>>> print(open('model-v3.pdb').read())   # PDB, C-alpha atoms, pLDDT in the B column
ATOM      1  CA  MET A   1      64.006  -1.660  -9.161  1.00 50.00           C
ATOM      2  CA  THR A   2      63.071  -3.881  -6.241  1.00 49.00           C
ATOM      3  CA  THR A   3      60.264  -6.404  -6.145  1.00 52.00           C
ATOM      4  CA  GLY A   4      58.747  -8.605  -3.456  1.00 54.00           C
ATOM      5  CA  ALA A   5      56.173  -8.286  -0.673  1.00 51.00           C
ATOM      6  CA  PRO A   6      54.496  -4.929  -0.160  1.00 52.00           C
ATOM      7  CA  SER A   7      55.968  -2.685   2.454  1.00 51.00           C
ATOM      8  CA  PRO A   8      54.505  -2.843   5.953  1.00 51.00           C
ATOM      9  CA  GLU A   9      53.248   0.714   5.445  1.00 52.00           C
ATOM     10  CA  GLY A  10      50.970  -0.407   2.558  1.00 53.00           C
ATOM     11  CA  ARG A  11      49.279  -3.243   4.411  1.00 56.00           C
ATOM     12  CA  PRO A  12      47.208  -1.202   6.910  1.00 56.00           C
ATOM     13  CA  ARG A  13      45.974   1.114   4.161  1.00 60.00           C
ATOM     14  CA  ARG A  14      44.750  -1.796   2.032  1.00 58.00           C
ATOM     15  CA  SER A  15      43.180  -3.446   5.079  1.00 59.00           C
ATOM     16  CA  ARG A  16      41.260  -0.265   5.865  1.00 59.00           C
ATOM     17  CA  VAL A  17      39.977  -0.060   2.273  1.00 55.00           C
ATOM     18  CA  VAL A  18      38.815  -3.692   2.326  1.00 52.00           C
ATOM     19  CA  LEU A  19      37.191  -3.235   5.737  1.00 56.00           C
ATOM     20  CA  TRP A  20      35.424  -0.046   4.636  1.00 57.00           C
ATOM     21  CA  THR A  21      34.163  -1.684   1.402  1.00 57.00           C
ATOM     22  CA  ALA A  22      32.835  -4.707   3.282  1.00 53.00           C
ATOM     23  CA  SER A  23      31.136  -2.488   5.862  1.00 58.00           C
ATOM     24  CA  ALA A  24      29.499  -0.356   3.177  1.00 54.00           C
ATOM     25  CA  ALA A  25      28.210  -3.459   1.379  1.00 52.00           C
ATOM     26  CA  GLY A  26      26.797  -4.762   4.656  1.00 52.00           C
ATOM     27  CA  VAL A  27      24.950  -1.521   5.311  1.00 45.00           C
ATOM     28  CA  VAL A  28      23.433  -1.582   1.803  1.00 42.00           C
ATOM     29  CA  VAL A  29      22.207  -5.161   2.304  1.00 40.00           C
ATOM     30  CA  VAL A  30      20.625  -4.287   5.665  1.00 40.00           C
ATOM     31  CA  VAL A  31      18.899  -1.192   4.247  1.00 39.00           C
ATOM     32  CA  LEU A  32      17.512  -3.169   1.302  1.00 39.00           C
ATOM     33  CA  ALA A  33      16.251  -5.878   3.636  1.00 38.00           C
ATOM     34  CA  VAL A  34      14.460  -3.316   5.803  1.00 37.00           C
ATOM     35  CA  VAL A  35      12.875  -1.626   2.771  1.00 40.00           C
ATOM     36  CA  LEU A  36      11.662  -4.913   1.350  1.00 39.00           C
ATOM     37  CA  ALA A  37      10.310  -6.030   4.701  1.00 39.00           C
ATOM     38  CA  THR A  38       8.301  -2.837   5.150  1.00 40.00           C
ATOM     39  CA  GLN A  39       6.990  -2.713   1.570  1.00 42.00           C
ATOM     40  CA  VAL A  40       4.756  -5.746   1.574  1.00 40.00           C
ATOM     41  CA  ASN A  41       4.262  -9.196   3.000  1.00 41.00           C
ATOM     42  CA  THR A  42       3.648 -11.548   0.063  1.00 39.00           C
ATOM     43  CA  ASP A  43       3.577 -14.760   2.075  1.00 38.00           C
ATOM     44  CA  PRO A  44       0.450 -16.585   0.809  1.00 37.00           C
ATOM     45  CA  THR A  45       0.065 -18.317   4.179  1.00 35.00           C
ATOM     46  CA  PHE A  46      -0.175 -14.999   6.068  1.00 41.00           C
ATOM     47  CA  GLU A  47      -3.198 -15.009   8.359  1.00 47.00           C
ATOM     48  CA  GLY A  48      -3.195 -11.418   9.642  1.00 52.00           C
ATOM     49  CA  GLY A  49      -5.916  -8.835   9.164  1.00 62.00           C
ATOM     50  CA  PRO A  50      -9.657  -9.299   9.553  1.00 78.00           C
ATOM     51  CA  ASP A  51     -10.886 -12.880   9.274  1.00 80.00           C
ATOM     52  CA  LEU A  52     -12.541 -13.877   6.034  1.00 87.00           C
ATOM     53  CA  GLY A  53     -16.209 -14.254   6.778  1.00 90.00           C
ATOM     54  CA  GLY A  54     -15.971 -11.812   9.669  1.00 94.00           C
ATOM     55  CA  PRO A  55     -17.061  -8.175   9.898  1.00 95.00           C
ATOM     56  CA  ALA A  56     -14.872  -5.451   8.444  1.00 96.00           C
ATOM     57  CA  PRO A  57     -13.242  -3.223  11.069  1.00 96.00           C
ATOM     58  CA  GLU A  58     -15.140  -0.028  11.790  1.00 95.00           C
ATOM     59  CA  PHE A  59     -13.693   3.058  10.110  1.00 95.00           C
ATOM     60  CA  ASP A  60     -14.658   6.681   9.551  1.00 95.00           C
ATOM     61  CA  LEU A  61     -11.906   8.367   7.530  1.00 95.00           C
ATOM     62  CA  PRO A  62     -11.452  11.847   6.051  1.00 92.00           C
ATOM     63  CA  VAL A  63     -11.596  11.989   2.265  1.00 93.00           C
ATOM     64  CA  LEU A  64      -8.292  13.317   0.943  1.00 89.00           C
ATOM     65  CA  SER A  65      -8.630  16.462  -1.133  1.00 74.00           C
ATOM     66  CA  PRO A  66      -7.001  19.911  -1.154  1.00 59.00           C
ATOM     67  CA  ALA A  67      -9.926  21.215   0.880  1.00 50.00           C
ATOM     68  CA  VAL A  68      -9.438  18.755   3.721  1.00 46.00           C
ATOM     69  CA  VAL A  69      -5.669  18.625   4.119  1.00 48.00           C
ATOM     70  CA  ASP A  70      -5.146  20.194   7.553  1.00 49.00           C
ATOM     71  CA  ALA A  71      -8.917  20.759   7.885  1.00 46.00           C
ATOM     72  CA  GLU A  72     -10.399  20.222  11.346  1.00 54.00           C
ATOM     73  CA  PRO A  73     -12.937  18.683  11.396  1.00 52.00           C
ATOM     74  CA  PRO A  74     -12.705  17.049   7.945  1.00 52.00           C
ATOM     75  CA  ALA A  75     -15.199  18.309   5.378  1.00 60.00           C
ATOM     76  CA  GLU A  76     -16.127  14.815   4.170  1.00 86.00           C
ATOM     77  CA  THR A  77     -15.611  11.318   5.515  1.00 92.00           C
ATOM     78  CA  VAL A  78     -16.111   7.749   4.356  1.00 94.00           C
ATOM     79  CA  SER A  79     -17.251   5.037   6.750  1.00 95.00           C
ATOM     80  CA  ASN A  80     -18.697   1.555   6.996  1.00 94.00           C
ATOM     81  CA  GLU A  81     -22.092   3.182   7.396  1.00 94.00           C
ATOM     82  CA  SER A  82     -21.777   5.298   4.243  1.00 94.00           C
ATOM     83  CA  LEU A  83     -20.724   2.207   2.241  1.00 95.00           C
ATOM     84  CA  ALA A  84     -23.394  -0.154   3.618  1.00 95.00           C
ATOM     85  CA  GLY A  85     -25.252  -2.054   0.914  1.00 96.00           C
ATOM     86  CA  LYS A  86     -22.383  -1.896  -1.577  1.00 96.00           C
ATOM     87  CA  ALA A  87     -19.662  -4.269  -2.688  1.00 97.00           C
ATOM     88  CA  VAL A  88     -16.509  -2.455  -1.581  1.00 97.00           C
ATOM     89  CA  ILE A  89     -12.862  -2.798  -2.573  1.00 98.00           C
ATOM     90  CA  VAL A  90     -10.473  -1.313   0.019  1.00 98.00           C
ATOM     91  CA  ASN A  91      -6.863  -0.763  -1.048  1.00 98.00           C
ATOM     92  CA  PHE A  92      -4.109   0.307   1.370  1.00 98.00           C
ATOM     93  CA  TRP A  93      -1.336   2.128  -0.490  1.00 97.00           C
ATOM     94  CA  ASN A  94       1.103   5.042  -0.422  1.00 96.00           C
ATOM     95  CA  SER A  95       2.966   7.269  -2.839  1.00 96.00           C
ATOM     96  CA  TRP A  96       6.493   5.892  -2.294  1.00 96.00           C
ATOM     97  CA  CYS A  97       5.690   2.160  -2.399  1.00 95.00           C
ATOM     98  CA  LEU A  98       6.932   0.679  -5.689  1.00 96.00           C
ATOM     99  CA  PRO A  99       4.339  -2.148  -5.872  1.00 96.00           C
ATOM    100  CA  CYS A 100       1.627   0.459  -5.201  1.00 97.00           C
ATOM    101  CA  ARG A 101       2.861   2.518  -8.116  1.00 95.00           C
ATOM    102  CA  THR A 102       3.035  -0.568 -10.322  1.00 96.00           C
ATOM    103  CA  GLU A 103      -0.535  -1.660  -9.555  1.00 97.00           C
ATOM    104  CA  HIS A 104      -2.013   1.807 -10.130  1.00 97.00           C
ATOM    105  CA  ASP A 105      -2.899   1.185 -13.787  1.00 97.00           C
ATOM    106  CA  ALA A 106      -4.768  -2.008 -12.860  1.00 98.00           C
ATOM    107  CA  LEU A 107      -6.737  -0.165 -10.180  1.00 97.00           C
ATOM    108  CA  ALA A 108      -7.564   2.624 -12.640  1.00 97.00           C
ATOM    109  CA  GLU A 109      -8.719   0.202 -15.367  1.00 98.00           C
ATOM    110  CA  PHE A 110     -10.797  -1.789 -12.896  1.00 98.00           C
ATOM    111  CA  TYR A 111     -12.400   1.333 -11.438  1.00 97.00           C
ATOM    112  CA  ASP A 112     -13.259   2.682 -14.890  1.00 97.00           C
ATOM    113  CA  ARG A 113     -15.104  -0.578 -15.625  1.00 97.00           C
ATOM    114  CA  HIS A 114     -17.292  -0.290 -12.535  1.00 98.00           C
ATOM    115  CA  ALA A 115     -17.476   3.421 -11.651  1.00 95.00           C
ATOM    116  CA  GLU A 116     -21.103   3.617 -12.790  1.00 96.00           C
ATOM    117  CA  ASP A 117     -22.198   0.448 -10.955  1.00 96.00           C
ATOM    118  CA  ALA A 118     -24.710   1.493  -8.317  1.00 95.00           C
ATOM    119  CA  ASP A 119     -23.723  -1.364  -5.992  1.00 96.00           C
ATOM    120  CA  PHE A 120     -19.948  -0.714  -6.102  1.00 96.00           C
ATOM    121  CA  ALA A 121     -17.448   1.486  -4.276  1.00 96.00           C
ATOM    122  CA  MET A 122     -13.650   1.572  -4.130  1.00 97.00           C
ATOM    123  CA  VAL A 123     -11.661   3.277  -1.374  1.00 97.00           C
ATOM    124  CA  GLY A 124      -7.916   3.841  -1.246  1.00 97.00           C
ATOM    125  CA  ILE A 125      -6.601   4.305   2.297  1.00 97.00           C
ATOM    126  CA  VAL A 126      -3.221   6.003   2.597  1.00 97.00           C
ATOM    127  CA  ARG A 127      -0.823   3.977   4.762  1.00 96.00           C
ATOM    128  CA  ASP A 128       2.462   5.313   6.149  1.00 94.00           C
ATOM    129  CA  ASP A 129       2.625   8.505   4.086  1.00 95.00           C
ATOM    130  CA  THR A 130       1.930  12.215   4.421  1.00 93.00           C
ATOM    131  CA  ASP A 131      -1.347  13.654   3.163  1.00 91.00           C
ATOM    132  CA  GLU A 132       0.619  16.100   1.009  1.00 93.00           C
ATOM    133  CA  ALA A 133       2.658  13.397  -0.767  1.00 95.00           C
ATOM    134  CA  ALA A 134      -0.391  11.188  -1.283  1.00 95.00           C
ATOM    135  CA  LEU A 135      -2.453  14.088  -2.594  1.00 93.00           C
ATOM    136  CA  ALA A 136       0.312  15.058  -5.043  1.00 94.00           C
ATOM    137  CA  TRP A 137       0.246  11.493  -6.448  1.00 94.00           C
ATOM    138  CA  VAL A 138      -3.570  11.525  -6.640  1.00 94.00           C
ATOM    139  CA  GLU A 139      -3.561  14.804  -8.547  1.00 92.00           C
ATOM    140  CA  GLU A 140      -0.697  13.747 -10.846  1.00 93.00           C
ATOM    141  CA  LYS A 141      -2.461  10.507 -11.792  1.00 93.00           C
ATOM    142  CA  GLY A 142      -5.983  11.925 -11.882  1.00 92.00           C
ATOM    143  CA  VAL A 143      -7.281   9.297  -9.454  1.00 93.00           C
ATOM    144  CA  ASP A 144     -11.083   9.158  -9.609  1.00 92.00           C
ATOM    145  CA  TRP A 145     -11.944   6.749  -6.794  1.00 95.00           C
ATOM    146  CA  THR A 146     -12.261   7.838  -3.175  1.00 94.00           C
ATOM    147  CA  ILE A 147      -8.948   8.299  -1.369  1.00 95.00           C
ATOM    148  CA  THR A 148      -8.798   8.809   2.383  1.00 95.00           C
ATOM    149  CA  SER A 149      -6.116   9.611   4.902  1.00 94.00           C
ATOM    150  CA  ASP A 150      -5.804   7.485   8.045  1.00 95.00           C
ATOM    151  CA  PRO A 151      -5.209   9.662  11.120  1.00 92.00           C
ATOM    152  CA  GLY A 152      -3.220   7.787  13.741  1.00 93.00           C
ATOM    153  CA  ALA A 153      -3.007   4.799  11.356  1.00 95.00           C
ATOM    154  CA  ARG A 154      -6.201   3.579  12.998  1.00 94.00           C
ATOM    155  CA  ALA A 155      -7.582   1.733   9.959  1.00 96.00           C
ATOM    156  CA  ALA A 156      -4.186   0.244   9.100  1.00 96.00           C
ATOM    157  CA  LEU A 157      -3.958  -1.105  12.648  1.00 95.00           C
ATOM    158  CA  ASP A 158      -7.544  -2.345  12.754  1.00 95.00           C
ATOM    159  CA  PHE A 159      -7.070  -4.192   9.458  1.00 95.00           C
ATOM    160  CA  ALA A 160      -3.758  -5.528  10.887  1.00 94.00           C
ATOM    161  CA  THR A 161      -1.877  -4.431   7.782  1.00 94.00           C
ATOM    162  CA  THR A 162       1.771  -5.424   7.542  1.00 93.00           C
ATOM    163  CA  GLY A 163       2.714  -3.330   4.535  1.00 93.00           C
ATOM    164  CA  GLN A 164       1.329  -1.986   1.315  1.00 95.00           C
ATOM    165  CA  PRO A 165      -0.337  -2.603  -0.998  1.00 97.00           C
ATOM    166  CA  GLU A 166      -3.007  -4.689   0.683  1.00 97.00           C
ATOM    167  CA  THR A 167      -6.499  -5.072  -0.783  1.00 98.00           C
ATOM    168  CA  TYR A 168      -9.757  -6.257   0.806  1.00 98.00           C
ATOM    169  CA  ALA A 169     -13.223  -7.002  -0.559  1.00 98.00           C
ATOM    170  CA  ILE A 170     -16.232  -6.305   1.664  1.00 97.00           C
ATOM    171  CA  ASP A 171     -19.728  -7.478   0.788  1.00 97.00           C
ATOM    172  CA  PRO A 172     -22.906  -5.365   1.122  1.00 97.00           C
ATOM    173  CA  ALA A 173     -23.479  -6.734   4.625  1.00 96.00           C
ATOM    174  CA  GLY A 174     -20.047  -5.491   5.766  1.00 96.00           C
ATOM    175  CA  VAL A 175     -18.361  -8.909   5.755  1.00 96.00           C
ATOM    176  CA  VAL A 176     -14.761  -9.326   4.561  1.00 97.00           C
ATOM    177  CA  VAL A 177     -14.907 -11.916   1.786  1.00 97.00           C
ATOM    178  CA  ALA A 178     -11.455 -11.636   0.160  1.00 96.00           C
ATOM    179  CA  LYS A 179      -8.031 -10.155   0.767  1.00 95.00           C
ATOM    180  CA  GLN A 180      -4.768  -9.986  -1.127  1.00 95.00           C
ATOM    181  CA  LEU A 181      -1.391  -8.902   0.149  1.00 94.00           C
ATOM    182  CA  GLY A 182       0.873  -7.431  -2.485  1.00 95.00           C
ATOM    183  CA  GLU A 183       0.221  -6.086  -5.935  1.00 96.00           C
ATOM    184  CA  VAL A 184      -3.120  -6.831  -7.599  1.00 97.00           C
ATOM    185  CA  ASP A 185      -4.004  -7.003 -11.275  1.00 97.00           C
ATOM    186  CA  VAL A 186      -7.367  -6.487 -12.958  1.00 98.00           C
ATOM    187  CA  ASP A 187      -8.236 -10.187 -12.841  1.00 97.00           C
ATOM    188  CA  ASP A 188      -7.535 -10.269  -9.091  1.00 97.00           C
ATOM    189  CA  LEU A 189      -9.808  -7.281  -8.553  1.00 98.00           C
ATOM    190  CA  GLU A 190     -12.602  -8.724 -10.692  1.00 98.00           C
ATOM    191  CA  ALA A 191     -12.463 -11.971  -8.724  1.00 97.00           C
ATOM    192  CA  MET A 192     -12.584 -10.045  -5.446  1.00 97.00           C
ATOM    193  CA  LEU A 193     -15.551  -8.002  -6.627  1.00 98.00           C
ATOM    194  CA  ASP A 194     -17.375 -11.167  -7.700  1.00 97.00           C
ATOM    195  CA  ARG A 195     -16.860 -12.564  -4.198  1.00 97.00           C
ATOM    196  CA  ALA A 196     -18.211  -9.364  -2.684  1.00 97.00           C
ATOM    197  CA  ARG A 197     -21.265  -9.641  -4.931  1.00 97.00           C
ATOM    198  CA  GLY A 198     -21.739 -13.295  -4.045  1.00 95.00           C
ATOM    199  CA  ILE A 199     -20.955 -14.450  -7.580  1.00 92.00           C
ATOM    200  CA  GLY A 200     -19.139 -17.739  -8.050  1.00 65.00           C
TER     201      GLY A 200
END
>>> encode(input="model-v3.pdb", output="structure tokens")
Amino acid sequence: MTTGAPSPEGRPRRSRVVLWTASAAGVVVVVLAVVLATQVNTDPTFEGGPDLGGPAPEFDLPVLSPAVVDAEPPAETVSNESLAGKAVIVNFWNSWCLPCRTEHDALAEFYDRHAEDADFAMVGIVRDDTDEAALAWVEEKGVDWTITSDPGARAALDFATTGQPETYAIDPAGVVVAKQLGEVDVDDLEAMLDRARGIG
């Protein structure tokens, strides 16, 4: 039996394996970075979106339901005008976003607390998703608050969203009084609603 350095024939094969492994790892890192970057911007210094103390962007969006998927014109819409006089929580979300899925229970608990409040409304605006996928999630989870689609991503652009979830509070006069990028919990939502109601 002979021992010593590997044969010249073995070196290229091992080099190819190492090169392939390194390349595959690099691709995985890049893909993960892209996914994380498009999920949500959690930088607390972020200054995008409507200015606090300024008017909410105008919107008039079709309510998402089986009856309005592919309907033209939509059977029902939600707009600044229809929400005037109410404290409004607006939440941008989609069905494949992991933080959106994680925050769902908080949104549901918060909505259940305030669903009967005459001065309150909550609207979920679908961002970067298909109506069909969003509707399947809504039906699976039994979502009770108003969910809208966003044709042409107009609302997402007007609110200058950078990802999802993103949540805004609008007071009865239509002024943006709070915003949070990233996942919210019930305490966050209660604080935002208080701001919209002029409490505290």
>>> atom_distance(input="model-v3.pdb", atom1="CA of Arg154 (chain A)", atom2="CA of Val177 (chain A)")
21.0 Å
>>> resolve_selection(input="model-v3.pdb", expression="the PyMOL selection byres ((chain A and resi 141-149) around 10)", output="PyMOL selection string")
chain A and resi 60-65+68-69+76-78+90-93+104-105+107-108+111-112+115+121-131+134-140+150-153+155
>>> resolve_selection(input="model-v3.pdb", expression="the PyMOL selection byres ((chain A and resi 102) around 12)", output="MDAnalysis selection string")
chainID A and resid 93:101 103:108 164:165 182:185
>>> closest_residue(input="model-v3.pdb", among="A:Phe159, A:Glu58, A:Ala196, A:Phe120", to="Ala173 (chain A)", atoms="only C-alpha atoms")
A:Ala196
>>> atom_distance(input="model-v3.pdb", atom1="CA of Leu189 (chain A)", atom2="CA of Pro172 (chain A)")
16.4 Å
>>> atom_distance(input="model-v3.pdb", atom1="CA of Phe110 (chain A)", atom2="CA of Asp158 (chain A)")
25.9 Å
>>> closest_residue(input="model-v3.pdb", among="A:Ala169, A:His114, A:Phe59, A:Arg197", to="Ser82 (chain A)", atoms="only C-alpha atoms")
A:Phe59
>>> resolve_selection(input="model-v3.pdb", expression="the PyMOL selection byres ((chain A and resi 85) around 8)", output="list of chain:residue names")
A:Leu83, A:Ala84, A:Lys86, A:Ala87, A:Asp119, A:Asp171, A:Pro172, A:Ala173, A:Gly174
>>> closest_residue(input="model-v3.pdb", among="A:Leu157, A:Ala118, A:Val175, A:Ala133", to="Ala56 (chain A)", atoms="all atoms listed in the file")
A:Val175
>>> closest_residue(input="model-v3.pdb", among="A:Glu190, A:Glu81, A:Gly53, A:Ile199", to="Ile170 (chain A)", atoms="only C-alpha atoms")
A:Gly53
>>> closest_residue(input="model-v3.pdb", among="A:Val88, A:Thr167, A:Ala156, A:Asp51", to="Asp188 (chain A)", atoms="all atoms listed in the file")
A:Thr167
